[in-house]
file query-v6.txt (compact mmCIF, C-alpha atoms)
# COMPACT_ATOMS: atom_id res chain seq x y z
CA MET B 1 7.16 -9.24 35.44
CA THR B 2 5.73 -8.37 38.87
CA ALA B 3 7.70 -11.18 40.50
CA ALA B 4 10.95 -9.87 38.99
CA ILE B 5 10.28 -6.36 40.25
CA GLU B 6 9.45 -7.58 43.73
CA LEU B 7 12.66 -9.59 43.69
CA ASP B 8 14.61 -6.49 42.71
CA GLN B 9 13.03 -4.50 45.48
CA ALA B 10 13.71 -7.22 47.99
CA LEU B 11 17.32 -7.42 46.84
CA SER B 12 17.91 -3.69 46.88
CA VAL B 13 16.59 -3.54 50.41
CA LYS B 14 18.70 -6.46 51.55
CA VAL B 15 21.97 -5.41 49.97
CA GLY B 16 23.84 -3.00 52.22
CA ASN B 17 22.69 -1.35 55.44
CA THR B 18 25.14 -3.51 57.33
CA PRO B 19 25.85 -3.07 61.05
CA LEU B 20 28.61 -0.82 62.39
CA ILE B 21 29.82 -2.18 65.72
CA PRO B 22 32.24 -0.75 68.29
CA LEU B 23 35.49 -2.57 68.98
CA LYS B 24 36.86 -1.90 72.44
CA VAL B 25 40.61 -2.06 72.18
CA LYS B 26 42.91 -2.36 75.15
CA TRP B 27 46.18 -1.47 73.51
CA ILE B 28 45.70 2.27 73.31
CA GLU B 29 43.75 4.95 75.16
CA GLY B 30 41.57 7.54 73.57
CA VAL B 31 41.14 5.82 70.24
CA SER B 32 37.72 4.64 69.17
CA MET B 33 37.28 1.91 66.60
CA HIS B 34 34.21 0.70 64.77
CA ALA B 35 33.90 -2.14 62.29
CA LYS B 36 31.39 -2.33 59.48
CA LEU B 37 30.33 -5.97 59.17
CA GLU B 38 29.84 -6.52 55.47
CA TRP B 39 29.11 -10.21 55.85
CA TYR B 40 25.56 -9.21 56.73
CA ASN B 41 24.96 -8.76 53.01
CA PRO B 42 22.72 -11.47 51.49
CA PHE B 43 25.58 -13.53 50.00
CA GLY B 44 28.05 -12.93 52.76
CA SER B 45 30.35 -10.12 51.63
CA LEU B 46 30.71 -6.51 50.58
CA LYS B 47 30.83 -7.71 46.98
CA ASP B 48 27.05 -8.03 46.96
CA ARG B 49 26.98 -4.25 46.62
CA ALA B 50 29.24 -4.08 43.56
CA ALA B 51 27.62 -7.11 41.95
CA TYR B 52 24.11 -5.74 42.37
CA TRP B 53 25.07 -2.25 41.14
CA MET B 54 26.94 -3.65 38.11
CA ILE B 55 24.09 -5.95 37.06
CA ARG B 56 21.49 -3.21 37.43
CA ALA B 57 23.69 -0.78 35.48
CA ALA B 58 24.10 -3.33 32.69
CA GLU B 59 20.34 -3.93 32.56
CA ARG B 60 19.65 -0.20 32.40
CA SER B 61 22.09 0.22 29.54
CA GLU B 62 20.52 -2.81 27.86
CA ARG B 63 23.84 -4.63 27.71
CA LEU B 64 22.19 -7.41 29.66
CA LYS B 65 18.74 -8.51 28.68
CA ARG B 66 17.28 -11.49 30.45
CA ASN B 67 17.78 -13.66 27.36
CA GLY B 68 20.61 -16.12 27.74
CA VAL B 69 23.69 -13.89 27.88
CA ILE B 70 26.24 -15.50 30.20
CA ILE B 71 27.82 -13.30 32.87
CA ILE B 72 31.55 -14.06 33.09
CA GLU B 73 33.85 -12.46 35.62
CA PRO B 74 37.40 -12.87 36.95
CA THR B 75 37.06 -13.05 40.73
CA SER B 76 38.97 -14.22 43.78
CA GLY B 77 35.74 -15.52 45.20
CA ASN B 78 33.35 -13.07 46.76
CA THR B 79 32.38 -11.28 43.55
CA GLY B 80 31.69 -14.62 41.93
CA ILE B 81 29.57 -15.61 44.92
CA ALA B 82 27.67 -12.33 44.83
CA LEU B 83 27.14 -12.48 41.06
CA ALA B 84 26.13 -16.13 41.24
CA GLY B 85 23.65 -15.56 44.05
CA ILE B 86 22.07 -12.45 42.58
CA SER B 87 22.04 -13.86 39.03
CA ARG B 88 20.41 -17.03 40.23
CA LEU B 89 17.57 -14.92 41.59
CA LEU B 90 17.36 -12.82 38.43
CA GLY B 91 17.80 -15.71 35.97
CA TYR B 92 21.31 -15.33 34.50
CA ARG B 93 24.05 -17.97 33.98
CA VAL B 94 27.39 -17.16 35.60
CA GLN B 95 30.95 -18.31 34.84
CA ALA B 96 33.48 -17.38 37.49
CA VAL B 97 37.15 -17.30 36.42
CA ILE B 98 39.16 -17.85 39.59
CA PRO B 99 42.77 -18.58 40.58
CA GLU B 100 43.26 -22.22 41.49
CA LYS B 101 44.58 -21.23 44.93
CA VAL B 102 41.21 -19.90 46.08
CA SER B 103 39.88 -21.82 49.10
CA GLN B 104 37.94 -25.03 48.50
CA GLU B 105 35.03 -23.72 50.55
CA THR B 106 34.73 -20.73 48.21
CA LYS B 107 34.70 -23.03 45.20
CA THR B 108 32.01 -25.19 46.81
CA ILE B 109 29.81 -22.19 47.57
CA LEU B 110 30.18 -20.94 43.98
CA MET B 111 29.11 -24.29 42.58
CA THR B 112 26.24 -24.55 45.07
CA LEU B 113 24.96 -21.17 43.87
CA GLY B 114 25.08 -22.50 40.30
CA ALA B 115 28.23 -20.82 38.96
CA GLU B 116 30.48 -22.63 36.50
CA LEU B 117 34.18 -22.40 37.38
CA LEU B 118 37.17 -21.73 35.12
CA GLN B 119 40.31 -22.12 37.25
CA THR B 120 43.55 -20.43 36.21
CA GLU B 121 47.09 -21.19 37.32
CA GLY B 122 49.99 -18.90 38.12
CA ASP B 123 51.39 -18.35 34.68
CA LEU B 124 49.13 -19.49 31.87
CA CYS B 125 49.92 -16.22 30.17
CA PRO B 126 53.50 -15.18 31.04
CA ARG B 127 52.88 -11.70 29.69
CA VAL B 128 50.60 -10.70 32.56
CA GLY B 129 51.03 -10.66 36.33
CA ARG B 130 50.32 -13.45 38.80
CA GLY B 131 47.16 -14.38 40.61
CA THR B 132 44.02 -12.59 39.57
CA ASP B 133 45.72 -11.00 36.53
CA GLN B 134 45.69 -14.47 34.97
CA SER B 135 41.98 -14.75 35.62
CA ILE B 136 41.33 -11.32 34.16
CA ALA B 137 43.32 -12.19 31.03
CA LEU B 138 41.36 -15.39 30.50
CA ALA B 139 37.95 -13.80 31.11
CA GLN B 140 38.78 -11.03 28.63
CA ALA B 141 39.98 -13.57 26.07
CA VAL B 142 36.76 -15.58 26.38
CA VAL B 143 34.60 -12.49 25.86
CA ARG B 144 36.71 -11.36 22.91
CA GLY B 145 36.27 -14.78 21.31
CA HIS B 146 32.49 -14.84 21.80
CA PRO B 147 31.33 -11.22 22.25
CA MET B 148 27.60 -11.74 21.77
CA LYS B 149 27.43 -14.68 24.11
CA TYR B 150 29.08 -13.12 27.16
CA TYR B 151 28.91 -10.05 29.35
CA MET B 152 31.75 -9.21 31.70
CA PRO B 153 30.81 -6.75 34.44
CA ASN B 154 34.58 -6.23 35.00
CA GLN B 155 34.68 -5.17 38.62
CA TYR B 156 38.25 -3.91 38.11
CA GLU B 157 37.12 -1.19 35.70
CA ASN B 158 33.40 -0.79 36.18
CA GLU B 159 32.46 2.55 37.71
CA ALA B 160 29.31 0.93 39.10
CA ASN B 161 31.63 -0.80 41.58
CA PHE B 162 32.83 2.59 42.82
CA LEU B 163 29.26 3.94 42.88
CA ALA B 164 27.98 1.01 44.93
CA HIS B 165 30.33 2.06 47.72
CA TYR B 166 29.94 5.79 47.21
CA GLU B 167 26.15 5.66 47.36
CA GLY B 168 26.01 2.72 49.77
CA THR B 169 28.91 2.00 52.11
CA GLY B 170 30.19 5.57 52.36
CA LEU B 171 26.77 7.08 52.94
CA GLU B 172 25.94 4.47 55.59
CA ILE B 173 29.19 5.12 57.46
CA TRP B 174 28.65 8.88 57.36
CA ARG B 175 25.15 8.56 58.76
CA ALA B 176 25.97 5.92 61.37
CA THR B 177 28.87 7.96 62.76
CA ARG B 178 27.08 11.29 62.22
CA GLY B 179 30.18 12.34 60.36
CA GLY B 180 32.30 11.78 63.45
CA LEU B 181 35.10 9.62 62.08
CA THR B 182 38.69 10.62 61.48
CA HIS B 183 39.95 7.61 59.51
CA LEU B 184 38.54 5.01 57.13
CA LEU B 185 40.44 1.76 56.67
CA ALA B 186 39.65 -0.80 54.02
CA GLY B 187 41.50 -3.47 52.09
CA VAL B 188 42.39 -2.93 48.45
CA GLY B 189 41.29 -5.49 45.92
CA THR B 190 39.61 -3.70 43.04
CA GLY B 191 39.79 -0.46 45.00
CA GLY B 192 36.02 -0.03 44.85
CA THR B 193 35.44 0.07 48.59
CA ILE B 194 38.27 2.38 49.59
CA THR B 195 37.69 4.85 46.75
CA GLY B 196 33.89 4.69 46.76
CA ALA B 197 33.31 4.91 50.50
CA GLY B 198 36.38 7.13 50.88
CA GLY B 199 35.16 9.38 48.10
CA TYR B 200 31.79 9.93 49.72
CA LEU B 201 33.34 10.65 53.11
CA LYS B 202 35.99 13.01 51.77
CA ASP B 203 33.34 14.88 49.79
CA ARG B 204 31.59 15.55 53.09
CA ASN B 205 34.72 16.20 55.16
CA PRO B 206 38.07 16.53 53.34
CA ARG B 207 39.96 16.04 56.59
CA ILE B 208 38.91 12.39 56.95
CA ARG B 209 41.98 10.23 56.29
CA ILE B 210 41.45 7.43 53.78
CA CYS B 211 43.79 4.52 54.48
CA ALA B 212 44.24 1.67 52.00
CA VAL B 213 45.42 -1.72 53.24
CA GLN B 214 47.57 -3.84 50.96
CA PRO B 215 48.80 -7.43 51.45
CA GLN B 216 52.40 -8.63 51.02
CA ARG B 217 53.75 -10.09 47.78
CA ASN B 218 52.61 -13.64 47.13
CA HIS B 219 49.98 -13.33 49.84
CA HIS B 220 47.14 -15.61 50.92
CA ILE B 221 44.63 -12.88 51.72
CA GLN B 222 41.68 -13.71 49.49
CA GLY B 223 40.23 -10.59 47.91
CA LEU B 224 43.17 -8.23 48.34
CA ARG B 225 45.82 -7.27 45.83
CA ASN B 226 49.51 -6.42 46.14
CA LEU B 227 50.20 -3.68 43.63
CA GLU B 228 53.89 -4.53 43.19
CA GLU B 229 53.10 -7.92 41.69
CA SER B 230 49.63 -7.26 40.24
CA SER B 231 48.44 -4.45 38.01
CA MET B 232 46.55 -1.40 39.32
CA PRO B 233 42.83 -1.74 38.68
CA LYS B 234 41.26 1.13 36.71
CA VAL B 235 38.69 1.72 39.45
CA LEU B 236 41.54 2.36 41.87
CA GLU B 237 43.63 4.33 39.38
CA ARG B 238 40.81 6.75 38.58
CA HIS B 239 40.35 7.72 42.20
CA ALA B 240 43.75 6.92 43.76
CA GLY B 241 44.26 10.60 44.50
CA LEU B 242 41.93 10.46 47.47
CA ILE B 243 43.93 7.80 49.31
CA ASP B 244 46.00 9.39 52.05
CA GLU B 245 47.87 6.38 53.36
CA TRP B 246 48.95 2.97 52.12
CA ILE B 247 49.61 0.35 54.74
CA LYS B 248 51.13 -3.01 53.89
CA VAL B 249 50.28 -6.01 56.05
CA SER B 250 52.00 -9.40 55.99
CA ASP B 251 50.11 -12.67 55.96
CA GLN B 252 51.33 -13.34 59.51
CA GLU B 253 50.11 -9.99 60.77
CA ALA B 254 46.71 -10.53 59.17
CA PHE B 255 46.38 -14.02 60.61
CA ASP B 256 47.49 -12.88 64.08
CA ALA B 257 44.90 -10.13 63.90
CA ALA B 258 42.19 -12.64 62.99
CA LYS B 259 43.18 -14.63 66.08
CA GLU B 260 43.05 -11.53 68.25
CA LEU B 261 39.62 -10.59 66.89
CA ALA B 262 38.36 -14.03 67.87
CA ARG B 263 39.99 -14.01 71.28
CA ASP B 264 39.27 -10.44 72.33
CA HIS B 265 36.14 -9.58 70.38
CA ASP B 266 34.46 -12.92 69.70
CA LEU B 267 34.46 -12.31 65.97
CA LEU B 268 35.23 -14.90 63.28
CA VAL B 269 36.49 -12.80 60.37
CA GLY B 270 37.97 -13.50 56.96
CA PRO B 271 41.71 -12.89 56.39
CA SER B 272 41.18 -9.54 54.67
CA SER B 273 39.37 -8.23 57.74
CA GLY B 274 42.34 -9.45 59.79
CA ALA B 275 44.58 -7.44 57.50
CA VAL B 276 42.51 -4.28 58.03
CA TYR B 277 42.55 -4.74 61.80
CA ALA B 278 46.32 -5.32 61.74
CA ALA B 279 46.71 -2.09 59.77
CA ALA B 280 44.62 -0.24 62.35
CA LYS B 281 46.91 -1.55 65.11
CA MET B 282 49.98 -0.30 63.25
CA MET B 283 48.49 3.13 62.80
CA THR B 284 47.20 3.77 66.25
CA GLN B 285 50.65 3.42 67.71
CA ARG B 286 50.99 7.03 66.65
CA LEU B 287 47.50 8.52 66.99
CA ARG B 288 45.49 9.74 69.93
CA GLY B 289 41.90 10.85 69.71
CA ALA B 290 41.41 9.04 66.44
CA ARG B 291 38.01 7.61 65.55
CA LEU B 292 38.58 4.78 63.11
CA VAL B 293 36.08 2.98 60.93
CA LEU B 294 37.24 -0.37 59.56
CA VAL B 295 35.50 -2.20 56.75
CA PHE B 296 35.37 -5.96 57.39
CA GLY B 297 34.64 -7.52 54.01
CA ASP B 298 33.64 -11.05 54.94
CA ASP B 299 33.49 -13.45 57.87
CA GLY B 300 35.70 -16.46 58.47
CA ARG B 301 33.32 -19.30 57.66
CA LYS B 302 34.76 -19.89 54.16
CA PHE B 303 38.29 -20.23 55.46
CA LYS B 304 38.41 -23.41 57.54
CA SER B 305 41.12 -25.04 55.40
CA LEU B 306 43.18 -21.85 55.06
CA TYR B 307 43.04 -21.19 58.79
CA SER B 308 44.00 -24.77 59.52
CA GLU B 309 46.88 -24.75 57.03
CA PHE B 310 48.32 -21.55 58.46
CA ARG B 311 47.65 -22.57 62.04
CA VAL B 312 45.31 -19.67 62.72
CA PHE B 313 42.52 -21.84 64.10
CA GLN B 314 42.64 -25.58 64.48
CA PRO B 315 39.53 -27.35 63.20
CA ASN B 316 37.87 -27.78 66.58
CA GLU B 317 38.54 -24.16 67.59
CA PHE B 318 37.19 -23.10 64.21
CA GLN B 319 34.09 -25.18 64.75
CA ARG B 320 33.56 -23.62 68.16
CA LEU B 321 33.78 -20.14 66.66
CA VAL B 322 31.32 -21.03 63.92
CA SER B 323 28.78 -21.98 66.59
CA GLU B 324 29.58 -19.41 69.25
CA ALA B 325 31.12 -16.29 67.71
CA ASP B 326 29.24 -13.05 67.95
CA TYR B 327 27.56 -11.35 64.99
CA LEU B 328 27.36 -14.37 62.72
CA PRO B 329 23.96 -14.40 61.05
CA ALA B 330 22.65 -17.77 59.94
CA SER B 331 23.25 -18.36 56.27
CA PRO B 332 22.19 -21.20 53.97
CA MET B 333 25.66 -21.00 52.40
CA PHE B 334 27.18 -22.21 55.65
CA SER B 335 24.52 -24.55 56.97
CA HIS B 336 26.80 -27.49 56.16
CA LEU B 337 29.24 -26.20 58.79
CA SER B 338 26.78 -26.33 61.68
CA PRO B 339 26.11 -29.61 63.43
CA ALA B 340 22.73 -31.05 62.49
CA ALA B 341 20.00 -29.64 64.73
CA MET W 1 43.15 -41.15 -12.10
CA PRO W 2 43.05 -42.75 -8.66
CA TYR W 3 45.03 -40.86 -6.13
CA VAL W 4 48.10 -42.84 -5.13
CA ILE W 5 49.33 -42.41 -1.60
CA GLY W 6 53.03 -41.55 -1.65
CA VAL W 7 55.60 -43.22 0.58
CA GLY W 8 56.11 -39.98 2.49
CA GLU W 9 52.44 -39.83 3.38
CA ILE W 10 52.39 -43.44 4.57
CA GLN W 11 55.34 -42.65 6.80
CA ALA W 12 53.60 -39.53 8.12
CA MET W 13 50.37 -41.43 8.84
CA THR W 14 52.05 -44.29 10.64
CA MET W 15 54.43 -42.08 12.60
CA GLU W 16 51.75 -39.70 13.87
CA GLU W 17 49.67 -40.71 16.86
CA GLN W 18 45.93 -40.74 16.47
CA PRO W 19 44.63 -38.21 18.93
CA THR W 20 42.19 -39.28 21.63
CA LYS W 21 40.64 -35.83 21.40
CA THR W 22 40.89 -32.76 19.26
CA LEU W 23 40.63 -29.24 20.56
CA ASP W 24 39.74 -26.61 17.99
CA ALA W 25 41.01 -23.39 19.53
CA ARG W 26 40.93 -21.41 16.29
CA GLY W 27 39.47 -17.94 16.78
CA LEU W 28 40.45 -17.92 20.46
CA VAL W 29 43.06 -15.54 21.81
CA CYS W 30 45.73 -15.75 24.50
CA PRO W 31 45.41 -17.16 27.09
CA GLU W 32 42.29 -19.08 26.13
CA PRO W 33 44.08 -21.57 23.80
CA VAL W 34 46.56 -22.67 26.47
CA PHE W 35 43.82 -22.65 29.12
CA ARG W 36 41.56 -24.90 27.02
CA THR W 37 44.60 -27.08 26.23
CA LYS W 38 45.31 -27.53 29.91
CA VAL W 39 41.69 -28.43 30.68
CA ALA W 40 41.59 -30.90 27.79
CA VAL W 41 44.92 -32.56 28.68
CA ASP W 42 43.81 -32.85 32.33
CA SER W 43 40.78 -34.79 31.13
CA LEU W 44 42.91 -37.37 29.29
CA LYS W 45 44.31 -40.57 30.75
CA VAL W 46 48.11 -40.76 30.97
CA GLY W 47 49.41 -41.84 27.59
CA GLU W 48 46.51 -40.40 25.61
CA CYS W 49 46.99 -37.63 23.05
CA LEU W 50 45.34 -34.32 22.33
CA GLN W 51 45.44 -32.55 18.99
CA VAL W 52 45.17 -28.77 19.28
CA LEU W 53 44.39 -26.41 16.43
CA ALA W 54 45.05 -22.73 17.03
CA ASP W 55 45.54 -19.59 15.01
CA ASP W 56 46.61 -17.13 17.72
CA PRO W 57 50.34 -16.45 17.12
CA ALA W 58 50.93 -16.31 20.91
CA ALA W 59 49.91 -19.97 21.14
CA GLU W 60 53.12 -20.96 19.35
CA GLN W 61 55.00 -19.95 22.51
CA ASP W 62 52.33 -20.34 25.18
CA ILE W 63 51.48 -23.98 24.54
CA PRO W 64 55.05 -25.36 24.39
CA SER W 65 55.92 -23.19 27.43
CA TRP W 66 53.04 -24.64 29.38
CA ALA W 67 53.97 -28.17 28.28
CA ARG W 68 57.58 -27.67 29.42
CA ARG W 69 56.49 -26.33 32.78
CA THR W 70 54.03 -29.12 33.45
CA GLY W 71 56.10 -31.94 31.94
CA GLN W 72 53.66 -32.85 29.16
CA GLU W 73 55.10 -34.02 25.84
CA ILE W 74 54.71 -32.19 22.56
CA LEU W 75 54.87 -35.00 19.99
CA SER W 76 54.62 -32.75 16.99
CA PHE W 77 53.96 -29.23 15.85
CA ARG W 78 52.96 -28.05 12.39
CA ARG W 79 52.23 -24.64 10.92
CA ASP W 80 50.08 -24.37 7.78
CA GLY W 81 49.79 -20.67 7.02
CA ARG W 82 48.24 -19.30 10.21
CA ILE W 83 46.95 -22.59 11.55
CA LEU W 84 49.08 -24.18 14.25
CA THR W 85 48.60 -27.88 15.00
CA PHE W 86 50.03 -29.44 18.15
CA MET W 87 49.97 -33.08 19.17
CA ILE W 88 50.36 -33.36 22.93
CA ARG W 89 50.70 -36.55 24.95
CA ARG W 90 49.74 -36.60 28.60
CA THR W 91 52.77 -38.06 30.43
CA LYS W 92 51.66 -37.54 34.04

call {"tool": "encode", "arguments": {"input": "query-v6.txt", "output": "structure tokens"}}
result
Amino acid sequence: MTAAIELDQALSVKVGNTPLIPLKVKWIEGVSMHAKLEWYNPFGSLKDRAAYWMIRAAERSERLKRNGVIIIEPTSGNTGIALAGISRLLGYRVQAVIPEKVSQETKTILMTLGAELLQTEGDLCPRVGRGTDQSIALAQAVVRGHPMKYYMPNQYENEANFLAHYEGTGLEIWRATRGGLTHLLAGVGTGGTITGAGGYLKDRNPRIRICAVQPQRNHHIQGLRNLEESSMPKVLERHAGLIDEWIKVSDQEAFDAAKELARDHDLLVGPSSGAVYAAAKMMTQRLRGARLVLVFGDDGRKFKSLYSEFRVFQPNEFQRLVSEADYLPASPMFSHLSPAA
Amino acid sequence: MPYVIGVGEIQAMTMEEQPTKTLDARGLVCPEPVFRTKVAVDSLKVGECLQVLADDPAAEQDIPSWARRTGQEILSFRRDGRILTFMIRRTK
């Protein structure tokens, strides 16, 4: 038992407390921008927070005892990775239900961390929406068929997702900026980050503007959700009132932003971070004196094939960034990308 | 009295393909039956057959819909009470 407790303590210390770095932008005067680098979490994304909070909440409510219950979850990648990594340490089996179009690197990481994959296609169930809605429908069906055998944390509805960002991300941003931000920008997937972090910040200062970033229809931005084609997650719905602005970003804008972040800031980010940066660019055309905080959900190391396919970075440029970009902590998940020492 | 096999039954037995695999999807709900069907058909060689048993009413539409979209062949379909039985051949 002592080993398990030590593991929990080590995990709770390692999850969160991610760096907030300044981004010097040339395209407007008098605007300050900071990015919170969530890929510093142990399994590489902001989802470590939600995954850890949801598992701990389930253990406290005794829904999950360490006795063979399988954790199953619909996920576009990062939640599955986070659940797989954390569960592997705590001793649970994980089944990740993912859309087939998720990047191959993500699938490989999931399998390396010991997750079993169920891959859904666009319209297995014509009655629900595209993309991750298919995965949600299948995960729910599996649990309904075998209720004692499975536990679904259900990041789209689980309040622990919101709380992870309220008590974690939001609090960290408030402290790091000493309350001195005017805008928070984050991508919308489950809505946990924008509502949780946004909720904490608005509770401290109602004048902080909470800006949600959405992708286009039929997008390729792993982790985000377009609410015209996919349903509104309950986590988002419960707290949608605190969102002040909705900004939609096209795939092209997100990819161009990822390129700019590499070129001008030496950062290799994931496409959702590109989307958030693109949204910030759109906004600041009309704001002076703003102090923006952007949440960057994951880095770009999982996206070699996507970035090659969409001509964001060619493979050798990508490789160069993997070795030379700033703020990329070493990670066993990506050791296969680095040339052998 | 020994049971005598009728002509109709002989015809049914010789006309139906013997399945390479059977998937028992009874007790599963949409979309799990069609998902499991897809996974099972993908594991067959072209030309092989899968028999699927399901009792979710949605499967009656979901499975033929999926087969149409993916070009797989439904050889036969039977309903006995609530139990649906499909015979699907992998064509590609």

call {"tool": "interface_residues", "arguments": {"input": "query-v6.txt", "of": "chain W", "to": "chain B", "cutoff": "7 Å", "atoms": "all atoms listed in the file", "output": "MDAnalysis selection string"}}
result
chainID W and resid 27:32 34:35 62 66

call {"tool": "closest_residue", "arguments": {"input": "query-v6.txt", "among": "W:Phe86, W:Phe77, W:Lys92, W:Arg68", "to": "Pro33 of chain W", "atoms": "only C-alpha atoms"}}
result
W:Phe86

call {"tool": "residues_around", "arguments": {"input": "query-v6.txt", "residues": "segment 210-222 of chain B", "least_positions_apart": "5", "cutoff": "8 Å", "atoms": "all atoms listed in the file", "output": "ChimeraX atom specification"}}
result
/B:76-77,102,183-188,194,198,227-229,242-251,271-272,275-276,279

call {"tool": "atom_distance", "arguments": {"input": "query-v6.txt", "atom1": "atom CA of Gly297 of chain B", "atom2": "atom CA of Ser61 of chain B"}}
result
28.6 Å

call {"tool": "atom_distance", "arguments": {"input": "query-v6.txt", "atom1": "atom CA of Val69 of chain B", "atom2": "atom CA of Trp53 of chain B"}}
result
17.7 Å

call {"tool": "residues_around", "arguments": {"input": "query-v6.txt", "residues": "Gly47 of chain W", "least_positions_apart": "3", "cutoff": "9 Å", "atoms": "all atoms listed in the file", "output": "number ranges by chain"}}
result
W: 44, 89-92
